[in-house]
$ cat query.pdb   # PDB, C-alpha atoms
ATOM      1  CA  MET A  20     -44.937  15.865   3.924
ATOM      2  CA  SER A  21     -41.332  14.931   3.223
ATOM      3  CA  ILE A  22     -40.569  13.469   6.669
ATOM      4  CA  THR A  23     -41.715   9.993   7.679
ATOM      5  CA  ARG A  24     -41.302   8.657  11.194
ATOM      6  CA  ARG A  25     -39.862   5.129  11.068
ATOM      7  CA  GLY A  26     -39.386   4.512  14.785
ATOM      8  CA  ALA A  27     -38.794   6.124  18.160
ATOM      9  CA  ARG A  28     -35.493   7.642  16.971
ATOM     10  CA  SER A  29     -35.669   7.319  13.190
ATOM     11  CA  TYR A  30     -36.948   9.891  10.675
ATOM     12  CA  LEU A  31     -36.788   9.354   6.911
ATOM     13  CA  VAL A  32     -36.520  12.463   4.696
ATOM     14  CA  ARG A  33     -37.762  12.156   1.098
ATOM     15  CA  VAL A  34     -37.115  15.002  -1.341
ATOM     16  CA  GLU A  35     -36.861  13.975  -4.979
ATOM     17  CA  PRO A  36     -34.467  13.449  -6.745
ATOM     18  CA  PHE A  37     -32.077  13.068  -3.797
ATOM     19  CA  PRO A  38     -31.312   9.897  -1.803
ATOM     20  CA  ALA A  39     -33.507   9.595   1.306
ATOM     21  CA  PRO A  40     -31.400  10.001   4.472
ATOM     22  CA  THR A  41     -32.478   8.717   7.889
ATOM     23  CA  LEU A  42     -31.985  11.015  10.896
ATOM     24  CA  ARG A  43     -32.194  10.334  14.619
ATOM     25  CA  THR A  44     -34.170  13.433  15.681
ATOM     26  CA  LYS A  45     -37.070  15.360  14.180
ATOM     27  CA  GLU A  46     -35.069  18.596  14.403
ATOM     28  CA  ASP A  47     -32.267  17.123  12.296
ATOM     29  CA  ALA A  48     -34.794  15.761   9.813
ATOM     30  CA  GLU A  49     -36.455  19.163   9.439
ATOM     31  CA  ARG A  50     -33.066  20.836   8.932
ATOM     32  CA  VAL A  51     -32.077  18.330   6.235
ATOM     33  CA  GLU A  52     -35.501  18.601   4.586
ATOM     34  CA  LEU A  53     -35.164  22.381   4.336
ATOM     35  CA  GLU A  54     -31.662  22.095   2.902
ATOM     36  CA  LEU A  55     -32.701  19.519   0.284
ATOM     37  CA  LYS A  56     -35.688  21.638  -0.799
ATOM     38  CA  ARG A  57     -33.408  24.659  -1.081
ATOM     39  CA  ARG A  58     -30.945  22.630  -3.136
ATOM     40  CA  LYS A  59     -33.735  21.460  -5.440
ATOM     41  CA  ALA A  60     -35.065  24.999  -5.938
ATOM     42  CA  LEU A  61     -31.656  26.539  -6.711
ATOM     43  CA  GLY A  62     -30.476  23.725  -8.996
ATOM     44  CA  GLU A  63     -26.998  24.402 -10.390
ATOM     45  CA  HIS A  64     -26.799  27.660  -8.441
ATOM     46  CA  TYR A  65     -27.032  25.853  -5.105
ATOM     47  CA  GLU A  66     -24.146  26.107  -2.630
ATOM     48  CA  ALA A  67     -24.148  23.901   0.458
ATOM     49  CA  PRO A  68     -23.198  25.290   3.878
ATOM     50  CA  PRO A  69     -19.388  25.586   3.861
ATOM     51  CA  ILE A  70     -17.318  22.781   5.323
ATOM     52  CA  THR A  71     -13.623  22.427   6.092
ATOM     53  CA  LEU A  72     -11.172  20.328   4.116
ATOM     54  CA  GLY A  73     -10.870  18.095   7.182
ATOM     55  CA  ASP A  74     -14.606  17.379   7.111
ATOM     56  CA  ALA A  75     -14.446  16.709   3.368
ATOM     57  CA  MET A  76     -11.517  14.286   3.742
ATOM     58  CA  ASP A  77     -13.214  12.476   6.630
ATOM     59  CA  GLY A  78     -16.351  12.138   4.508
ATOM     60  CA  THR A  79     -14.437  10.683   1.560
ATOM     61  CA  LEU A  80     -12.624   8.186   3.788
ATOM     62  CA  ALA A  81     -15.903   7.154   5.413
ATOM     63  CA  ARG A  82     -17.495   6.549   2.004
ATOM     64  CA  LEU A  83     -14.458   4.540   0.885
ATOM     65  CA  ARG A  84     -14.801   2.305   3.948
ATOM     66  CA  ALA A  85     -18.540   1.881   3.424
ATOM     67  CA  THR A  86     -18.473   0.979  -0.269
ATOM     68  CA  GLY A  87     -16.803  -1.797  -2.192
ATOM     69  CA  ASN A  88     -15.205  -3.615   0.797
ATOM     70  CA  PRO A  89     -11.773  -1.975   0.289
ATOM     71  CA  SER A  90      -8.620  -3.820   1.313
ATOM     72  CA  ALA A  91      -6.749  -2.732   4.429
ATOM     73  CA  SER A  92      -3.743  -1.695   2.331
ATOM     74  CA  TRP A  93      -5.918   0.486   0.040
ATOM     75  CA  MET A  94      -7.503   2.217   3.025
ATOM     76  CA  ALA A  95      -4.116   2.719   4.671
ATOM     77  CA  LEU A  96      -2.832   4.340   1.473
ATOM     78  CA  ASN A  97      -5.729   6.811   1.405
ATOM     79  CA  GLU A  98      -5.464   7.558   5.132
ATOM     80  CA  LEU A  99      -1.754   8.255   4.687
ATOM     81  CA  ALA A 100      -2.524  10.570   1.759
ATOM     82  CA  ALA A 101      -5.033  12.447   3.935
ATOM     83  CA  LYS A 102      -2.354  13.069   6.593
ATOM     84  CA  ALA A 103      -0.249  14.946   4.042
ATOM     85  CA  TRP A 104      -2.962  17.630   3.902
ATOM     86  CA  GLU A 105      -3.269  18.066   7.692
ATOM     87  CA  PRO A 106      -1.848  21.640   7.555
ATOM     88  CA  LEU A 107      -4.889  22.628   5.453
ATOM     89  CA  ARG A 108      -7.419  20.653   7.459
ATOM     90  CA  GLY A 109      -8.994  23.704   9.066
ATOM     91  CA  TYR A 110      -9.374  25.609   5.772
ATOM     92  CA  ARG A 111     -12.816  25.930   4.281
ATOM     93  CA  VAL A 112     -13.030  24.055   0.999
ATOM     94  CA  SER A 113     -14.124  27.265  -0.717
ATOM     95  CA  ALA A 114     -10.988  29.049   0.565
ATOM     96  CA  LEU A 115      -8.457  26.608  -0.906
ATOM     97  CA  ARG A 116      -6.480  28.000  -3.819
ATOM     98  CA  ARG A 117      -4.340  26.410  -6.475
ATOM     99  CA  ASP A 118      -1.114  28.179  -5.502
ATOM    100  CA  ARG A 119      -1.121  26.792  -1.940
ATOM    101  CA  VAL A 120      -1.953  23.260  -3.051
ATOM    102  CA  GLU A 121       0.579  23.347  -5.896
ATOM    103  CA  ASP A 122       3.359  24.668  -3.649
ATOM    104  CA  MET A 123       2.788  21.902  -1.104
ATOM    105  CA  THR A 124       2.745  19.298  -3.864
ATOM    106  CA  GLN A 125       6.033  20.549  -5.325
ATOM    107  CA  GLU A 126       7.702  20.531  -1.901
ATOM    108  CA  ARG A 127       6.545  16.970  -1.339
ATOM    109  CA  ALA A 128       7.604  15.851  -4.821
ATOM    110  CA  ALA A 129      11.123  17.092  -4.178
ATOM    111  CA  VAL A 130      11.394  14.441  -1.459
ATOM    112  CA  ARG A 131       8.951  11.675  -2.435
ATOM    113  CA  ARG A 132       7.552  11.879  -5.955
ATOM    114  CA  LYS A 133       5.373   8.790  -5.738
ATOM    115  CA  SER A 134       3.838   9.954  -2.448
ATOM    116  CA  ALA A 135       3.208  13.417  -3.891
ATOM    117  CA  LYS A 136       1.444  11.851  -6.881
ATOM    118  CA  ILE A 137      -0.865   9.769  -4.680
ATOM    119  CA  GLU A 138      -1.588  12.643  -2.295
ATOM    120  CA  LEU A 139      -2.549  15.062  -5.072
ATOM    121  CA  GLU A 140      -4.836  12.458  -6.640
ATOM    122  CA  PHE A 141      -6.501  11.912  -3.263
ATOM    123  CA  LEU A 142      -7.054  15.643  -2.722
ATOM    124  CA  LYS A 143      -8.605  16.043  -6.168
ATOM    125  CA  ARG A 144     -10.963  13.167  -5.403
ATOM    126  CA  VAL A 145     -11.980  14.797  -2.125
ATOM    127  CA  LEU A 146     -12.643  18.129  -3.839
ATOM    128  CA  ARG A 147     -14.585  16.533  -6.700
ATOM    129  CA  GLU A 148     -16.863  14.843  -4.175
ATOM    130  CA  ALA A 149     -17.226  18.092  -2.210
ATOM    131  CA  LYS A 150     -18.144  19.941  -5.400
ATOM    132  CA  ALA A 151     -20.741  17.296  -6.255
ATOM    133  CA  ARG A 152     -22.248  17.873  -2.799
ATOM    134  CA  GLY A 153     -22.656  21.582  -3.342
ATOM    135  CA  GLN A 154     -19.350  23.022  -2.125
ATOM    136  CA  ARG A 155     -17.650  25.822  -4.032
ATOM    137  CA  VAL A 156     -14.208  24.678  -5.208
ATOM    138  CA  ASP A 157     -11.470  26.585  -7.020
ATOM    139  CA  PRO A 158     -11.527  24.923 -10.492
ATOM    140  CA  ALA A 159      -7.853  25.742 -11.017
ATOM    141  CA  ILE A 160      -6.919  23.064  -8.455
ATOM    142  CA  PHE A 161      -8.130  20.372 -10.836
ATOM    143  CA  GLU A 162      -5.767  21.758 -13.500
ATOM    144  CA  ILE A 163      -2.643  21.166 -11.395
ATOM    145  CA  PRO A 164      -0.529  18.754 -13.496
ATOM    146  CA  ALA A 165      -0.193  15.241 -12.150
ATOM    147  CA  VAL A 166       3.158  14.486 -10.549
ATOM    148  CA  LYS A 167       5.206  12.350 -12.906
ATOM    149  CA  HIS A 168       6.702   9.370 -11.166
ATOM    150  CA  ARG A 169       8.976   6.821 -12.765
ATOM    151  CA  PRO A 170       8.797   3.472 -10.946
ATOM    152  CA  ARG A 171      12.013   2.325  -9.343
ATOM    153  CA  GLN A 172      14.027   0.059 -11.629
ATOM    154  CA  GLY A 173      13.779  -3.563 -10.600
ATOM    155  CA  ARG A 174      16.936  -5.165  -9.286
ATOM    156  CA  ALA A 175      17.618  -8.863  -8.821
ATOM    157  CA  LEU A 176      20.420 -10.794  -7.146
ATOM    158  CA  SER A 177      22.068 -13.925  -8.431
ATOM    159  CA  VAL A 178      22.065 -16.990  -6.159
ATOM    160  CA  SER A 179      25.606 -16.256  -4.934
ATOM    161  CA  GLN A 180      24.736 -12.595  -4.333
ATOM    162  CA  LEU A 181      21.594 -13.598  -2.408
ATOM    163  CA  TYR A 182      23.662 -15.788  -0.070
ATOM    164  CA  GLU A 183      26.279 -13.041   0.298
ATOM    165  CA  PHE A 184      23.546 -10.545   1.154
ATOM    166  CA  ALA A 185      21.885 -12.867   3.688
ATOM    167  CA  SER A 186      25.226 -13.425   5.445
ATOM    168  CA  TRP A 187      25.163  -9.821   6.704
ATOM    169  CA  PHE A 188      21.977 -10.404   8.683
ATOM    170  CA  ARG A 189      21.589 -11.957  12.106
ATOM    171  CA  GLU A 190      20.896 -15.688  12.055
ATOM    172  CA  ASP A 191      17.264 -15.195  13.102
ATOM    173  CA  VAL A 192      16.730 -12.967  10.029
ATOM    174  CA  SER A 193      19.092 -14.438   7.430
ATOM    175  CA  ARG A 194      16.757 -17.325   6.588
ATOM    176  CA  MET A 195      13.917 -14.849   6.023
ATOM    177  CA  VAL A 196      16.112 -13.038   3.492
ATOM    178  CA  LEU A 197      16.980 -16.284   1.694
ATOM    179  CA  LEU A 198      13.371 -17.495   1.627
ATOM    180  CA  ALA A 199      12.052 -14.106   0.451
ATOM    181  CA  GLY A 200      14.637 -14.148  -2.354
ATOM    182  CA  MET A 201      13.607 -17.665  -3.422
ATOM    183  CA  VAL A 202       9.878 -17.955  -2.794
ATOM    184  CA  GLY A 203       8.657 -14.417  -3.499
ATOM    185  CA  PRO A 204       5.717 -13.427  -1.191
ATOM    186  CA  ARG A 205       5.476  -9.848   0.010
ATOM    187  CA  GLN A 206       6.986  -8.618   3.253
ATOM    188  CA  LYS A 207       3.736  -8.632   5.243
ATOM    189  CA  VAL A 208       3.329 -12.366   4.561
ATOM    190  CA  TRP A 209       6.713 -13.186   6.073
ATOM    191  CA  PHE A 210       6.026 -11.040   9.123
ATOM    192  CA  SER A 211       2.648 -12.760   9.643
ATOM    193  CA  LEU A 212       3.668 -16.338   8.809
ATOM    194  CA  THR A 213       2.508 -18.842  11.461
ATOM    195  CA  ASP A 214       2.762 -22.580  12.030
ATOM    196  CA  ALA A 215      -0.837 -22.980  10.867
ATOM    197  CA  MET A 216       0.117 -21.691   7.404
ATOM    198  CA  LEU A 217       2.823 -24.353   6.911
ATOM    199  CA  ASP A 218       2.570 -28.019   5.986
ATOM    200  CA  LEU A 219       6.160 -29.172   5.611
ATOM    201  CA  LYS A 220       5.146 -32.790   5.011
ATOM    202  CA  ALA A 221       3.276 -31.649   1.916
ATOM    203  CA  GLY A 222       5.874 -28.933   1.266
ATOM    204  CA  THR A 223       3.365 -26.084   1.144
ATOM    205  CA  MET A 224       2.737 -22.629   2.554
ATOM    206  CA  THR A 225      -0.869 -21.409   2.463
ATOM    207  CA  ILE A 226      -1.399 -17.648   2.454
ATOM    208  CA  PRO A 227      -4.876 -16.793   3.807
ATOM    209  CA  ALA A 228      -7.183 -14.438   1.952
ATOM    210  CA  SER A 229      -6.608 -11.752   4.588
ATOM    211  CA  LEU A 230      -2.917 -11.543   3.631
ATOM    212  CA  ALA A 231      -3.249 -12.180  -0.098
ATOM    213  CA  LYS A 232      -3.331  -9.109  -2.330
ATOM    214  CA  SER A 233      -5.930 -10.800  -4.518
ATOM    215  CA  GLY A 234      -8.188 -11.402  -1.520
ATOM    216  CA  ARG A 235      -8.154 -15.164  -2.225
ATOM    217  CA  GLU A 236      -6.394 -17.973  -0.359
ATOM    218  CA  HIS A 237      -3.138 -18.828  -2.075
ATOM    219  CA  CYS A 238      -0.939 -21.952  -1.854
ATOM    220  CA  ILE A 239       2.811 -22.055  -2.596
ATOM    221  CA  TYR A 240       4.803 -25.269  -3.056
ATOM    222  CA  PHE A 241       8.353 -25.444  -1.680
ATOM    223  CA  ASN A 242      11.315 -27.113  -3.277
ATOM    224  CA  ASP A 243      13.612 -29.222  -1.055
ATOM    225  CA  LEU A 244      15.958 -26.350  -0.227
ATOM    226  CA  GLU A 245      13.125 -24.014   0.760
ATOM    227  CA  ALA A 246      11.531 -26.712   2.933
ATOM    228  CA  ARG A 247      14.884 -27.343   4.651
ATOM    229  CA  LEU A 248      15.342 -23.641   5.398
ATOM    230  CA  MET A 249      11.846 -23.565   6.915
ATOM    231  CA  ARG A 250      12.623 -26.557   9.155
ATOM    232  CA  GLU A 251      15.855 -24.922  10.310
ATOM    233  CA  GLN A 252      13.965 -21.718  11.083
ATOM    234  CA  LEU A 253      11.351 -23.544  13.171
ATOM    235  CA  LEU A 254      14.137 -25.063  15.285
ATOM    236  CA  ALA A 255      16.076 -21.796  15.650
ATOM    237  CA  ARG A 256      13.223 -19.317  16.344
ATOM    238  CA  ALA A 257      12.441 -17.920  19.788
ATOM    239  CA  PRO A 258      10.482 -20.416  21.930
ATOM    240  CA  GLY A 259       6.821 -20.055  22.834
ATOM    241  CA  THR A 260       5.572 -18.381  19.643
ATOM    242  CA  SER A 261       3.516 -19.551  16.700
ATOM    243  CA  LEU A 262       5.220 -17.032  14.408
ATOM    244  CA  VAL A 263       7.690 -18.669  12.043
ATOM    245  CA  LEU A 264       9.920 -15.605  11.626
ATOM    246  CA  PRO A 265       9.600 -13.606  14.872
ATOM    247  CA  THR A 266      11.950 -11.176  16.557
ATOM    248  CA  GLN A 267      14.532 -12.501  19.013
ATOM    249  CA  GLU A 268      11.906 -11.940  21.728
ATOM    250  CA  GLY A 269       9.315 -14.021  19.878
ATOM    251  CA  LYS A 270       7.178 -11.046  18.849
ATOM    252  CA  GLY A 271       5.993  -9.977  15.420
ATOM    253  CA  TRP A 272       7.986  -7.587  13.266
ATOM    254  CA  THR A 273       6.608  -4.282  12.031
ATOM    255  CA  ALA A 274       7.918  -2.760   8.814
ATOM    256  CA  ASN A 275       9.443   0.261  10.564
ATOM    257  CA  ARG A 276      11.081  -1.744  13.324
ATOM    258  CA  PHE A 277      12.523  -4.248  10.877
ATOM    259  CA  ARG A 278      13.887  -1.502   8.623
ATOM    260  CA  ASP A 279      15.441   0.548  11.427
ATOM    261  CA  ARG A 280      16.804  -2.235  13.617
ATOM    262  CA  VAL A 281      17.908  -4.802  11.052
ATOM    263  CA  TRP A 282      17.599  -3.960   7.377
ATOM    264  CA  LEU A 283      19.423  -0.652   6.968
ATOM    265  CA  GLN A 284      22.535  -1.757   8.900
ATOM    266  CA  ALA A 285      22.790  -5.009   6.962
ATOM    267  CA  VAL A 286      22.344  -3.297   3.588
ATOM    268  CA  GLU A 287      25.040  -0.762   4.446
ATOM    269  CA  ALA A 288      27.477  -3.485   5.541
ATOM    270  CA  ALA A 289      26.759  -5.629   2.466
ATOM    271  CA  ALA A 290      27.302  -2.684   0.106
ATOM    272  CA  LYS A 291      30.511  -1.635   1.853
ATOM    273  CA  ASN A 292      32.003  -5.140   1.736
ATOM    274  CA  ASP A 293      30.623  -6.318  -1.616
ATOM    275  CA  PRO A 294      33.304  -8.605  -3.135
ATOM    276  CA  GLU A 295      31.954  -7.990  -6.659
ATOM    277  CA  LYS A 296      31.973  -4.212  -6.425
ATOM    278  CA  ARG A 297      34.073  -2.536  -9.111
ATOM    279  CA  ASP A 298      36.048   0.657  -8.591
ATOM    280  CA  GLY A 299      33.865   3.702  -9.160
ATOM    281  CA  GLN A 300      30.700   1.590  -9.467
ATOM    282  CA  PRO A 301      27.977   1.295  -6.817
ATOM    283  CA  SER A 302      27.380  -2.059  -5.176
ATOM    284  CA  ILE A 303      24.279  -3.981  -6.238
ATOM    285  CA  PHE A 304      23.340  -4.004  -2.542
ATOM    286  CA  GLU A 305      23.348  -0.208  -2.277
ATOM    287  CA  GLY A 306      19.812   1.036  -1.551
ATOM    288  CA  PHE A 307      18.469  -2.521  -1.776
ATOM    289  CA  THR A 308      14.878  -2.863  -0.531
ATOM    290  CA  PHE A 309      12.946  -5.832   0.809
ATOM    291  CA  HIS A 310      10.669  -5.738  -2.235
ATOM    292  CA  MET A 311      13.724  -6.355  -4.414
ATOM    293  CA  LEU A 312      13.927  -9.814  -2.844
ATOM    294  CA  ARG A 313      10.610 -10.464  -4.571
ATOM    295  CA  HIS A 314      12.212  -9.281  -7.836
ATOM    296  CA  THR A 315      15.063 -11.676  -7.096
ATOM    297  CA  ALA A 316      12.722 -14.627  -6.550
ATOM    298  CA  ALA A 317      10.781 -13.915  -9.745
ATOM    299  CA  SER A 318      13.960 -13.434 -11.774
ATOM    300  CA  LEU A 319      15.482 -16.679 -10.486
ATOM    301  CA  MET A 320      12.281 -18.433 -11.539
ATOM    302  CA  ALA A 321      12.644 -16.927 -15.007
ATOM    303  CA  LEU A 322      16.320 -17.885 -15.165
ATOM    304  CA  ALA A 323      15.457 -21.457 -14.176
ATOM    305  CA  GLY A 324      12.924 -21.704 -16.990
ATOM    306  CA  PHE A 325       9.741 -21.642 -14.906
ATOM    307  CA  ASP A 326       6.539 -21.893 -16.888
ATOM    308  CA  PRO A 327       5.165 -18.285 -16.910
ATOM    309  CA  ALA A 328       1.697 -19.385 -15.783
ATOM    310  CA  ALA A 329       3.147 -21.401 -12.875
ATOM    311  CA  ALA A 330       5.415 -18.516 -11.889
ATOM    312  CA  ALA A 331       2.482 -16.091 -12.014
ATOM    313  CA  GLU A 332       0.487 -18.377  -9.708
ATOM    314  CA  ARG A 333       3.416 -18.623  -7.285
ATOM    315  CA  LEU A 334       3.837 -14.827  -7.277
ATOM    316  CA  GLU A 335       0.079 -14.231  -6.935
ATOM    317  CA  HIS A 336      -0.241 -12.497 -10.305
ATOM    318  CA  ASN A 337      -3.641 -12.746 -11.982
ATOM    319  CA  ASP A 338      -2.578 -12.302 -15.608
ATOM    320  CA  GLY A 339      -1.424 -15.799 -16.489
ATOM    321  CA  GLY A 340       2.238 -14.766 -16.771
ATOM    322  CA  ALA A 341       2.174 -11.574 -18.872
ATOM    323  CA  LEU A 342       3.701  -9.401 -16.102
ATOM    324  CA  PHE A 343       6.239 -12.109 -15.301
ATOM    325  CA  LEU A 344       7.461 -12.203 -18.892
ATOM    326  CA  ARG A 345       7.425  -8.437 -19.297
ATOM    327  CA  THR A 346       9.159  -7.555 -16.034
ATOM    328  CA  TYR A 347      11.522 -10.288 -14.937
ATOM    329  CA  ARG A 348      13.174 -11.683 -18.037
ATOM    330  CA  HIS A 349      15.452  -8.680 -18.560
ATOM    331  CA  LEU A 350      17.154  -8.355 -15.183
ATOM    332  CA  TYR A 351      20.215 -10.528 -15.846
ATOM    333  CA  GLU A 352      22.521  -8.842 -18.341
ATOM    334  CA  GLY A 353      24.725 -11.918 -18.432
ATOM    335  CA  GLU A 354      22.058 -13.806 -20.349
ATOM    336  CA  LYS A 355      22.179 -11.210 -23.139
ATOM    337  CA  ARG A 356      25.941 -11.361 -23.372
TER     338      ARG A 356
END
$ encode --input "query.pdb" --output "structure tokens"
Amino acid sequence: MSITRRGARSYLVRVEPFPAPTLRTKEDAERVELELKRRKALGEHYEAPPITLGDAMDGTLARLRATGNPSASWMALNELAAKAWEPLRGYRVSALRRDRVEDMTQERAAVRRKSAKIELEFLKRVLREAKARGQRVDPAIFEIPAVKHRPRQGRALSVSQLYEFASWFREDVSRMVLLAGMVGPRQKVWFSLTDAMLDLKAGTMTIPASLAKSGREHCIYFNDLEARLMREQLLARAPGTSLVLPTQEGKGWTANRFRDRVWLQAVEAAAKNDPEKRDGQPSIFEGFTFHMLRHTAASLMALAGFDPAAAAERLEHNDGGALFLRTYRHLYEGEKR
């Protein structure tokens, strides 16, 4: 007998060499037992009952959540990739063909190459798992070439440019821009920064493990200027909130709201009125992103002669300074001249 009753609503199904699933009803257990025995008898010729791409994607996402304790950002990336394939969600996995998948990938790549690359990789993972579970999959899909994506070139501001850029933001945001361009943490840290994470007497900011990319608590030491900007911000922020850098209403920023309501207008104004802009040349502020403030902070550290290991610790790199040296020492052309 392959079915063992483990409780009032628990039935264990054992069919070697497959993992032993636990089902809630005897009927489900008998159905799974029959399917596993059929799979064992047919071997490589076995085909599981057909499922839709939506079911396959949901299964992959569920397994990702259940294994390896994935970070919230990693799960969000995969969930976003799954949304790109929503138009095909109702298709049976066996009915998917290379031409449809490739056409959708090319359309997406024309707009967002990096997103198209991630989404195609996610789909191939889903289909590989479905194939391993007995689904029939068009092998030509796995031969679709990976989307080539060239990372955006890093861009860093000088100290004077950083202050010029910050001047185009509202007062409640300008200090965030200055601090992000000096200290270096990622955007989500600034949006989540609270009083409890600051110790201005000691001159430190402690990033909890939940916000750290490494998954470990991380401490950053301020210089005098950075500590002064923090004190000014605490006095100027909206009352009644523990957030250090809230909205004017004292609420937390979201990435979309910040971009649409604050960032894009300020970037456009800074680029249009850039005093260093040369005729026929784009402004350094044109298309500037929040992440480039992190590039700015790292590059100013390099320019100031920071020890690479200390800079890597401050930036939450885990390589002892190799990325810092490779990435941020080349951004100021004036040094070469």
$ residues_around --input "query.pdb" --residues "segment 324-328 of chain A" --least-positions-apart "4" --cutoff "7 Å" --atoms "all atoms listed in the file" --output "number ranges by chain"
A: 320, 332, 339-340, 343-344
$ closest_residue --input "query.pdb" --among "A:Leu72, A:Met94, A:Ile137, A:Ala149" --to "Gly109 of chain A" --atoms "only C-alpha atoms"
A:Leu72
$ resolve_selection --input "query.pdb" --expression "the PyMOL selection byres ((chain A and resi 24) around 12)" --output "MDAnalysis selection string"
chainID A and resid 20:23 25:33 41:45 48:49
$ closest_residue --input "query.pdb" --among "A:Ala185, A:Ala101, A:Leu96, A:Leu248" --to "Thr79 of chain A" --atoms "only C-alpha atoms"
A:Ala101
$ resolve_selection --input "query.pdb" --expression "the PyMOL selection byres ((chain A and resi 214) around 9)" --output "MDAnalysis selection string"
chainID A and resid 212:213 215:218 253 261:263
$ write_last_selection --input "query.pdb" --atoms "C-alpha atoms" --output "short mmCIF file (atom, residue, chain, number, x, y, z; two decimals), in the coordinates of the input"
data_model
loop_
_atom_site.label_atom_id
_atom_site.label_comp_id
_atom_site.auth_asym_id
_atom_site.auth_seq_id
_atom_site.Cartn_x
_atom_site.Cartn_y
_atom_site.Cartn_z
CA LEU A 212 3.67 -16.34 8.81
CA THR A 213 2.51 -18.84 11.46
CA ALA A 215 -0.84 -22.98 10.87
CA MET A 216 0.12 -21.69 7.40
CA LEU A 217 2.82 -24.35 6.91
CA ASP A 218 2.57 -28.02 5.99
CA LEU A 253 11.35 -23.54 13.17
CA SER A 261 3.52 -19.55 16.70
CA LEU A 262 5.22 -17.03 14.41
CA VAL A 263 7.69 -18.67 12.04
#
$ resolve_selection --input "query.pdb" --expression "the PyMOL selection byres ((chain A and resi 221) around 12)" --output "PyMOL selection string"
chain A and resi 216-220+222-225+238-243+246
$ closest_residue --input "query.pdb" --among "A:Ala100, A:Ala316, A:Ala274, A:Leu198" --to "Lys133 of chain A" --atoms "only C-alpha atoms"
A:Ala100
$ residues_near_point --input "query.pdb" --point "(-1.0, 14.3, 2.2)" --cutoff "9 Å" --atoms "all atoms listed in the file" --output "list in words"
Asn97, Glu98, Leu99, Ala100, Ala101, Lys102, Ala103, Trp104, Glu105, Thr124, Arg127, Ser134, Ala135, Ile137, Glu138, Leu139, Phe141 and Leu142 of chain A
$ closest_residue --input "query.pdb" --among "A:Phe277, A:Leu146, A:Ile303, A:Val166" --to "Gln125 of chain A" --atoms "all atoms listed in the file"
A:Val166
$ atom_distance --input "query.pdb" --atom1 "atom CA of Pro294 of chain A" --atom2 "atom CA of Gln267 of chain A"
29.3 Å
$ axis_aligned_box --input "query.pdb" --around "segment 131-139 of chain A" --padding-each-side "3 Å" --output "AutoDock Vina command-line options"
--center_x 3.2 --center_y 11.9 --center_z -4.6 --size_x 17.5 --size_y 12.3 --size_z 10.6
$ closest_residue --input "query.pdb" --among "A:Asp157, A:Asp293, A:Glu54, A:Glu35" --to "Gln180 of chain A" --atoms "all atoms listed in the file"
A:Asp293
$ atom_distance --input "query.pdb" --atom1 "atom CA of Pro40 of chain A" --atom2 "atom CA of Lys59 of chain A"
15.3 Å
$ closest_residue --input "query.pdb" --among "A:Leu197, A:Val208, A:Ala290, A:Ala91" --to "Gly306 of chain A" --atoms "all atoms listed in the file"
A:Ala290
$ residues_near_point --input "query.pdb" --point "(16.6, -2.4, -4.2)" --cutoff "12 Å" --atoms "all atoms listed in the file" --output "tab-separated table (two decimals) with C-alpha atoms, in the frame of the given file"
chain	number	residue	atom	x	y	z
A	170	PRO	CA	8.80	3.47	-10.95
A	171	ARG	CA	12.01	2.33	-9.34
A	172	GLN	CA	14.03	0.06	-11.63
A	173	GLY	CA	13.78	-3.56	-10.60
A	174	ARG	CA	16.94	-5.16	-9.29
A	175	ALA	CA	17.62	-8.86	-8.82
A	176	LEU	CA	20.42	-10.79	-7.15
A	184	PHE	CA	23.55	-10.54	1.15
A	282	TRP	CA	17.60	-3.96	7.38
A	283	LEU	CA	19.42	-0.65	6.97
A	286	VAL	CA	22.34	-3.30	3.59
A	290	ALA	CA	27.30	-2.68	0.11
A	302	SER	CA	27.38	-2.06	-5.18
A	303	ILE	CA	24.28	-3.98	-6.24
A	304	PHE	CA	23.34	-4.00	-2.54
A	305	GLU	CA	23.35	-0.21	-2.28
A	306	GLY	CA	19.81	1.04	-1.55
A	307	PHE	CA	18.47	-2.52	-1.78
A	308	THR	CA	14.88	-2.86	-0.53
A	309	PHE	CA	12.95	-5.83	0.81
A	310	HIS	CA	10.67	-5.74	-2.24
A	311	MET	CA	13.72	-6.36	-4.41
A	312	LEU	CA	13.93	-9.81	-2.84
A	313	ARG	CA	10.61	-10.46	-4.57
A	314	HIS	CA	12.21	-9.28	-7.84
A	315	THR	CA	15.06	-11.68	-7.10
$ residues_around --input "query.pdb" --residues "Ser177 of chain A" --least-positions-apart "5" --cutoff "9 Å" --atoms "all atoms listed in the file" --output "PyMOL selection string"
chain A and resi 182+315+318-319+351
$ atom_distance --input "query.pdb" --atom1 "atom CA of Asp77 of chain A" --atom2 "atom CA of Ala159 of chain A"
22.7 Å
$ residues_around --input "query.pdb" --residues "Arg189 of chain A" --least-positions-apart "3" --cutoff "9 Å" --atoms "all atoms listed in the file" --output "compact mmCIF listing (two decimals) with C-alpha atoms, in the coordinates of the input"
# COMPACT_ATOMS: atom_id res chain seq x y z
CA ALA A 185 21.88 -12.87 3.69
CA SER A 186 25.23 -13.42 5.44
CA VAL A 192 16.73 -12.97 10.03
CA SER A 193 19.09 -14.44 7.43
CA VAL A 281 17.91 -4.80 11.05
CA ALA A 285 22.79 -5.01 6.96
